[in-house]
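Peer 1: Below is the file work-v3.pdb, which contains PDB, C-alpha atoms.
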MODEL        1
ATOM      1  CA  MET A   1       0.000   0.000   0.000
ATOM      2  CA  ARG A   2       1.291   3.452  -0.934
ATOM      3  CA  ILE A   3       0.645   6.403   1.349
ATOM      4  CA  ALA A   4       1.786   9.894   0.427
ATOM      5  CA  LEU A   5       3.339  12.121   3.061
ATOM      6  CA  THR A   6       2.900  15.396   1.287
ATOM      7  CA  GLY A   7       2.598  19.127   1.843
ATOM      8  CA  THR A   8       4.104  22.417   0.827
ATOM      9  CA  PRO A   9       7.927  22.548   0.985
ATOM     10  CA  GLY A  10       8.928  23.409   4.555
ATOM     11  CA  THR A  11       6.000  21.786   6.390
ATOM     12  CA  GLY A  12       8.165  19.032   7.927
ATOM     13  CA  LYS A  13       7.724  16.046   5.606
ATOM     14  CA  THR A  14      11.347  14.909   5.484
ATOM     15  CA  THR A  15      12.005  15.445   9.181
ATOM     16  CA  VAL A  16       8.848  13.558  10.165
ATOM     17  CA  SER A  17       9.375  10.758   7.631
ATOM     18  CA  ARG A  18      12.753   9.945   9.202
ATOM     19  CA  LEU A  19      10.951   9.194  12.463
ATOM     20  CA  LEU A  20       8.370   6.806  10.984
ATOM     21  CA  PRO A  21       8.540   3.023  11.453
ATOM     22  CA  PHE A  22       7.782   2.394   7.766
ATOM     23  CA  ARG A  23       9.738   2.179   4.537
ATOM     24  CA  VAL A  24      10.001   5.634   2.964
ATOM     25  CA  VAL A  25      10.700   6.586  -0.643
ATOM     26  CA  TYR A  26      12.022  10.127  -0.960
ATOM     27  CA  LEU A  27      10.914  11.609  -4.281
ATOM     28  CA  ASN A  28      13.623  14.275  -4.239
ATOM     29  CA  ASP A  29      16.295  11.566  -3.933
ATOM     30  CA  LEU A  30      14.853   9.626  -6.870
ATOM     31  CA  ILE A  31      14.737  12.780  -8.962
ATOM     32  CA  ARG A  32      18.334  13.688  -8.126
ATOM     33  CA  ASP A  33      19.360  10.099  -8.942
ATOM     34  CA  GLY A  34      18.326  10.300 -12.581
ATOM     35  CA  MET A  35      14.580  10.866 -12.708
ATOM     36  CA  SER A  36      14.933  14.543 -13.615
ATOM     37  CA  ALA A  37      13.841  15.600 -17.087
ATOM     38  CA  GLY A  38      15.716  18.909 -16.913
ATOM     39  CA  PHE A  39      15.633  22.241 -15.120
ATOM     40  CA  ASP A  40      12.885  24.849 -15.465
ATOM     41  CA  PRO A  41      14.692  28.182 -15.025
ATOM     42  CA  GLU A  42      11.451  30.163 -14.863
ATOM     43  CA  ARG A  43      10.108  28.162 -11.889
ATOM     44  CA  GLU A  44      13.614  27.470 -10.524
ATOM     45  CA  CYS A  45      12.983  23.747 -10.138
ATOM     46  CA  LEU A  46      13.754  20.389 -11.685
ATOM     47  CA  GLU A  47      11.281  18.991 -14.177
ATOM     48  CA  VAL A  48      10.189  15.418 -13.548
ATOM     49  CA  ASP A  49       9.401  12.561 -15.893
ATOM     50  CA  MET A  50       6.280  11.443 -14.019
ATOM     51  CA  GLU A  51       5.898   8.182 -15.955
ATOM     52  CA  ALA A  52       9.495   7.147 -15.317
ATOM     53  CA  LEU A  53       9.130   8.104 -11.664
ATOM     54  CA  GLU A  54       5.947   6.005 -11.380
ATOM     55  CA  GLU A  55       7.777   3.029 -12.892
ATOM     56  CA  ARG A  56      10.665   3.441 -10.433
ATOM     57  CA  ILE A  57       8.216   3.570  -7.518
ATOM     58  CA  ARG A  58       6.554   0.380  -8.822
ATOM     59  CA  GLU A  59       9.965  -1.338  -8.830
ATOM     60  CA  ILE A  60      10.558  -0.307  -5.235
ATOM     61  CA  GLU A  61       7.035  -1.351  -4.276
ATOM     62  CA  ARG A  62       7.539  -4.841  -5.736
ATOM     63  CA  SER A  63      10.516  -5.312  -3.429
ATOM     64  CA  CYS A  64       8.406  -4.407  -0.383
ATOM     65  CA  GLU A  65       6.048  -7.411  -0.421
ATOM     66  CA  ASN A  66       2.888  -6.049   1.212
ATOM     67  CA  GLU A  67       4.727  -3.499   3.359
ATOM     68  CA  ILE A  68       3.320  -0.033   3.770
ATOM     69  CA  LEU A  69       5.329   2.261   1.527
ATOM     70  CA  ILE A  70       5.456   5.954   2.389
ATOM     71  CA  ILE A  71       6.065   8.233  -0.592
ATOM     72  CA  GLU A  72       7.530  11.501   0.728
ATOM     73  CA  GLY A  73       7.530  14.723  -1.249
ATOM     74  CA  HIS A  74       5.492  17.788  -2.090
ATOM     75  CA  PHE A  75       3.860  16.006  -5.026
ATOM     76  CA  ALA A  76       3.800  12.487  -3.529
ATOM     77  CA  HIS A  77       0.003  12.495  -3.664
ATOM     78  CA  HIS A  78       0.323  11.946  -7.431
ATOM     79  CA  PHE A  79       1.698   8.463  -6.693
ATOM     80  CA  ALA A  80      -0.502   7.167  -3.869
ATOM     81  CA  ASP A  81      -4.045   6.104  -3.080
ATOM     82  CA  GLU A  82      -3.935   7.768   0.326
ATOM     83  CA  ALA A  83      -2.377  11.021   1.466
ATOM     84  CA  ILE A  84      -1.402  12.640   4.712
ATOM     85  CA  VAL A  85      -0.993  16.357   4.071
ATOM     86  CA  LEU A  86       1.225  18.236   6.507
ATOM     87  CA  ARG A  87       0.223  21.863   6.980
ATOM     88  CA  LEU A  88       2.070  24.775   8.571
ATOM     89  CA  HIS A  89       0.983  28.314   9.350
ATOM     90  CA  PRO A  90       2.116  30.445   6.387
ATOM     91  CA  ASN A  91       4.059  32.910   8.559
ATOM     92  CA  LEU A  92       6.140  30.120  10.090
ATOM     93  CA  LEU A  93       6.521  28.575   6.638
ATOM     94  CA  ARG A  94       7.902  31.906   5.358
ATOM     95  CA  ARG A  95      10.487  31.968   8.158
ATOM     96  CA  ARG A  96      11.563  28.373   7.479
ATOM     97  CA  LEU A  97      11.963  28.976   3.760
ATOM     98  CA  GLU A  98      13.901  32.203   4.382
ATOM     99  CA  ALA A  99      16.224  30.290   6.742
ATOM    100  CA  ARG A 100      16.782  27.729   3.965
ATOM    101  CA  GLY A 101      17.843  30.501   1.600
ATOM    102  CA  TYR A 102      14.875  30.321  -0.773
ATOM    103  CA  ARG A 103      14.527  33.259  -3.150
ATOM    104  CA  GLU A 104      11.665  35.643  -2.437
ATOM    105  CA  ASN A 105       9.634  34.543  -5.475
ATOM    106  CA  LYS A 106       9.808  30.862  -4.363
ATOM    107  CA  ILE A 107       8.930  31.817  -0.793
ATOM    108  CA  ARG A 108       5.893  33.763  -1.973
ATOM    109  CA  GLU A 109       4.823  30.931  -4.304
ATOM    110  CA  ASN A 110       4.995  28.366  -1.495
ATOM    111  CA  VAL A 111       3.401  30.585   1.154
ATOM    112  CA  GLU A 112       0.512  31.339  -1.209
ATOM    113  CA  ALA A 113       0.149  27.631  -2.042
ATOM    114  CA  GLU A 114      -0.064  26.838   1.668
ATOM    115  CA  ALA A 115      -2.515  29.669   2.350
ATOM    116  CA  ILE A 116      -4.948  28.483  -0.340
ATOM    117  CA  ASP A 117      -4.698  24.747   0.506
ATOM    118  CA  LEU A 118      -3.234  23.920  -2.922
ATOM    119  CA  ILE A 119      -1.698  20.551  -2.053
ATOM    120  CA  LEU A 120      -4.676  19.544   0.076
ATOM    121  CA  VAL A 121      -7.048  20.245  -2.825
ATOM    122  CA  GLU A 122      -4.844  18.264  -5.220
ATOM    123  CA  ALA A 123      -4.697  15.345  -2.769
ATOM    124  CA  LEU A 124      -8.484  15.370  -2.418
ATOM    125  CA  GLU A 125      -8.795  15.186  -6.210
ATOM    126  CA  LEU A 126      -6.251  12.371  -6.603
ATOM    127  CA  CYS A 127      -6.517  10.186  -3.496
ATOM    128  CA  SER A 128      -9.322   8.088  -2.067
ATOM    129  CA  ARG A 129      -8.377   8.826   1.553
ATOM    130  CA  VAL A 130      -6.865  12.098   2.777
ATOM    131  CA  HIS A 131      -5.805  13.323   6.206
ATOM    132  CA  GLU A 132      -4.615  16.779   7.207
ATOM    133  CA  VAL A 133      -2.216  17.484  10.093
ATOM    134  CA  ASP A 134      -1.380  20.980  11.373
ATOM    135  CA  THR A 135       2.309  20.830  12.324
ATOM    136  CA  THR A 136       2.530  24.460  13.482
ATOM    137  CA  ASP A 137       2.668  23.899  17.238
ATOM    138  CA  LEU A 138       3.922  20.310  17.275
ATOM    139  CA  SER A 139       7.371  18.772  17.537
ATOM    140  CA  PRO A 140       8.527  16.418  14.778
ATOM    141  CA  GLU A 141       8.110  13.540  17.216
ATOM    142  CA  GLU A 142       4.509  14.518  17.939
ATOM    143  CA  VAL A 143       3.739  14.775  14.221
ATOM    144  CA  ALA A 144       5.387  11.393  13.556
ATOM    145  CA  SER A 145       3.248   9.854  16.300
ATOM    146  CA  ILE A 146       0.084  11.285  14.734
ATOM    147  CA  VAL A 147       1.105  10.151  11.246
ATOM    148  CA  THR A 148       1.875   6.660  12.531
ATOM    149  CA  ALA A 149      -1.512   6.493  14.265
ATOM    150  CA  ILE A 150      -3.249   7.584  11.041
ATOM    151  CA  ILE A 151      -1.434   4.917   9.036
ATOM    152  CA  LYS A 152      -2.291   2.242  11.611
ATOM    153  CA  ARG A 153      -5.952   3.380  11.420
ATOM    154  CA  GLU A 154      -5.949   4.330  15.103
ATOM    155  CA  ILE A 155      -7.098   7.913  14.476
ATOM    156  CA  GLU A 156      -8.682   9.969  11.725
ATOM    157  CA  MET A 157      -7.623  13.501  10.850
ATOM    158  CA  PRO A 158     -10.075  14.435   8.121
ATOM    159  CA  PRO A 159      -9.362  17.449   5.928
ATOM    160  CA  GLY A 160     -11.125  20.748   6.273
ATOM    161  CA  GLY A 161     -10.149  21.848   9.751
ATOM    162  CA  ILE A 162      -7.433  24.294   8.735
ATOM    163  CA  ASP A 163      -8.232  27.701   7.220
ATOM    164  CA  TRP A 164      -5.226  29.962   6.915
ATOM    165  CA  LEU A 165      -7.086  32.494   4.749
ATOM    166  CA  GLY A 166      -9.220  33.417   7.743
ATOM    167  CA  ASP A 167      -6.103  34.634   9.569
ATOM    168  CA  PRO A 168      -5.590  38.399   9.055
ATOM    169  CA  GLU A 169      -1.963  38.077  10.293
ATOM    170  CA  ILE A 170      -0.754  36.095   7.254
ATOM    171  CA  ASP A 171       2.236  37.692   5.551
ATOM    172  CA  LEU A 172       2.144  36.830   1.855
ATOM    173  CA  GLY A 173       5.142  39.060   1.232
TER     174      GLY A 173
ENDMDL
END
I'd like the structure from this file rewritten - as structure tokens, please.

Peer 2:
Amino acid sequence: MRIALTGTPGTGKTTVSRLLPFRVVYLNDLIRDGMSAGFDPERECLEVDMEALEERIREIERSCENEILIIEGHFAHHFADEAIVLRLHPNLLRRRLEARGYRENKIRENVEAEAIDLILVEALELCSRVHEVDTTDLSPEEVASIVTAIIKREIEMPPGGIDWLGDPEIDLG
């Protein structure tokens, strides 16, 4: 079974995924290891051959033999039946992306995407089961515990409980 751990860049996906007791496929690693179809200078990001990436994930999945496979990345929901979308208050997201050295245009793009629920909406369109976790006031360990409980079907975190646009303090830049 494939489960996407997805969300806007900076929401904590990679940090949390390293704490999970499941096999994790890191999309960024696969892309850097030959799945890139080039660089888009306008968007300042690598282009991805989605079909080749899907085939590579299938190869990995075949080696898992009925294990739960976590697909980690900001577009992981394109490769899974279920998704757990990590969310983060846009102002904190801005600070994290600034600390990572993102350019202002990429920061604004990602903060806006988070504010309008872009990845959540995509996941709802593509996946049969979607959960939403607000990571804003939680430690990585707390988020990993919640994600693990969702995967084990111990709790439900249905989407729709987070509305950043209702917050007048959001700094879109």

Peer 1: For the structure provided, state which residues fall under the PyMOL selection byres ((chain A and resi 120) around 8), and present them as a ChimeraX atom specification.

Peer 2: /A:7,85,117-119,121-124,132,159

Peer 1: Starting from 6 Å padding per side, set up an axis-aligned box that covers all listed atoms of region 13-22 of chain A and hand over centre and edge lengths in Å, one decimal, as lines of an AutoDock Vina configuration file.

Peer 2:
center_x = 10.2
center_y = 9.2
center_z = 9.0
size_x = 17.0
size_y = 25.7
size_z = 19.0

Peer 1: Would you mind listing what lies within 9 Å of His74 (chain A) as a PyMOL selection string, with all atoms listed in the file counted and same-chain residues fewer than 3 positions away left out?

Peer 2: chain A and resi 5-9+13+27+77+119

Peer 1: Run the PyMOL selection byres ((chain A and resi 61) around 12) mentally over the shown coordinates, then write out the matched residues as number ranges by chain, using the chain letters and numbers from the document.

Peer 2: A: 1-3, 23-25, 54-60, 62-71, 79-80

Peer 1: Under the rule that only C-alpha atoms are counted, which of A:Ile84, A:Leu165, A:Leu97, A:Cys127 is the nearest residue to Ile151 (chain A)?

Peer 2: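 Selected residue with least distance to Ile151 (chain A): A:Ile84.
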
Peer 1: For Asn105 (chain A), which residue out of A:Lys152, A:Leu172, A:Ile162, A:Thr135 is the nearest one, using all atoms listed in the file?

Peer 2: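 Nearest to Asn105 (chain A): A:Leu172.
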
Peer 1: Name the closest residue to Pro140 (chain A) among the candidates A:Leu53, A:Leu20, A:Ala83, A:Ala4; distances are taken between atoms, counting all atoms listed in the file.

Peer 2: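 Nearest to Pro140 (chain A): A:Leu20.
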
Peer 1: Would you write out, as a VMD selection string, every residue that the PyMOL selection byres ((chain A and resi 92) around 12) captures in this file?

Peer 2: chain A and resid 9 to 12 87 to 91 93 to 99 107 110 to 111 114 to 115 134 to 137 164 169 to 172

Peer 1: To one decimal place in Å, what is the distance between CA of Ser17 (chain A) and CA of Ile116 (chain A)?

Peer 2: 24.1 Å

Peer 1: Distance CA of Ser128 (chain A)-CA of Glu82 (chain A), one decimal place?

Peer 2: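 Result for CA of Ser128 (chain A) versus CA of Glu82 (chain A): 5.9 Å, one decimal.
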
Peer 1: I'd like the interatomic distance between CA of Val143 (chain A) and CA of Lys106 (chain A), to a tenth of an Å.

Peer 2: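 Going from CA of Val143 (chain A) over to CA of Lys106 (chain A) covers 25.3 Å.
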
Peer 1: Pick out the closest residue to Ile155 (chain A) from this set: A:Leu138, A:Val133, A:Ala76, A:Leu30. Count all atoms listed in the file.

Peer 2: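 Among the listed residues, A:Val133 lies closest to Ile155 (chain A).
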
Peer 1: Within 8 Å of Pro158 (chain A), counting all atoms listed in the file, which residues show up once you throw out same-chain ones fewer than 3 positions away? Write them as a PyMOL selection string, please.

Peer 2: chain A and resi 130-132+161
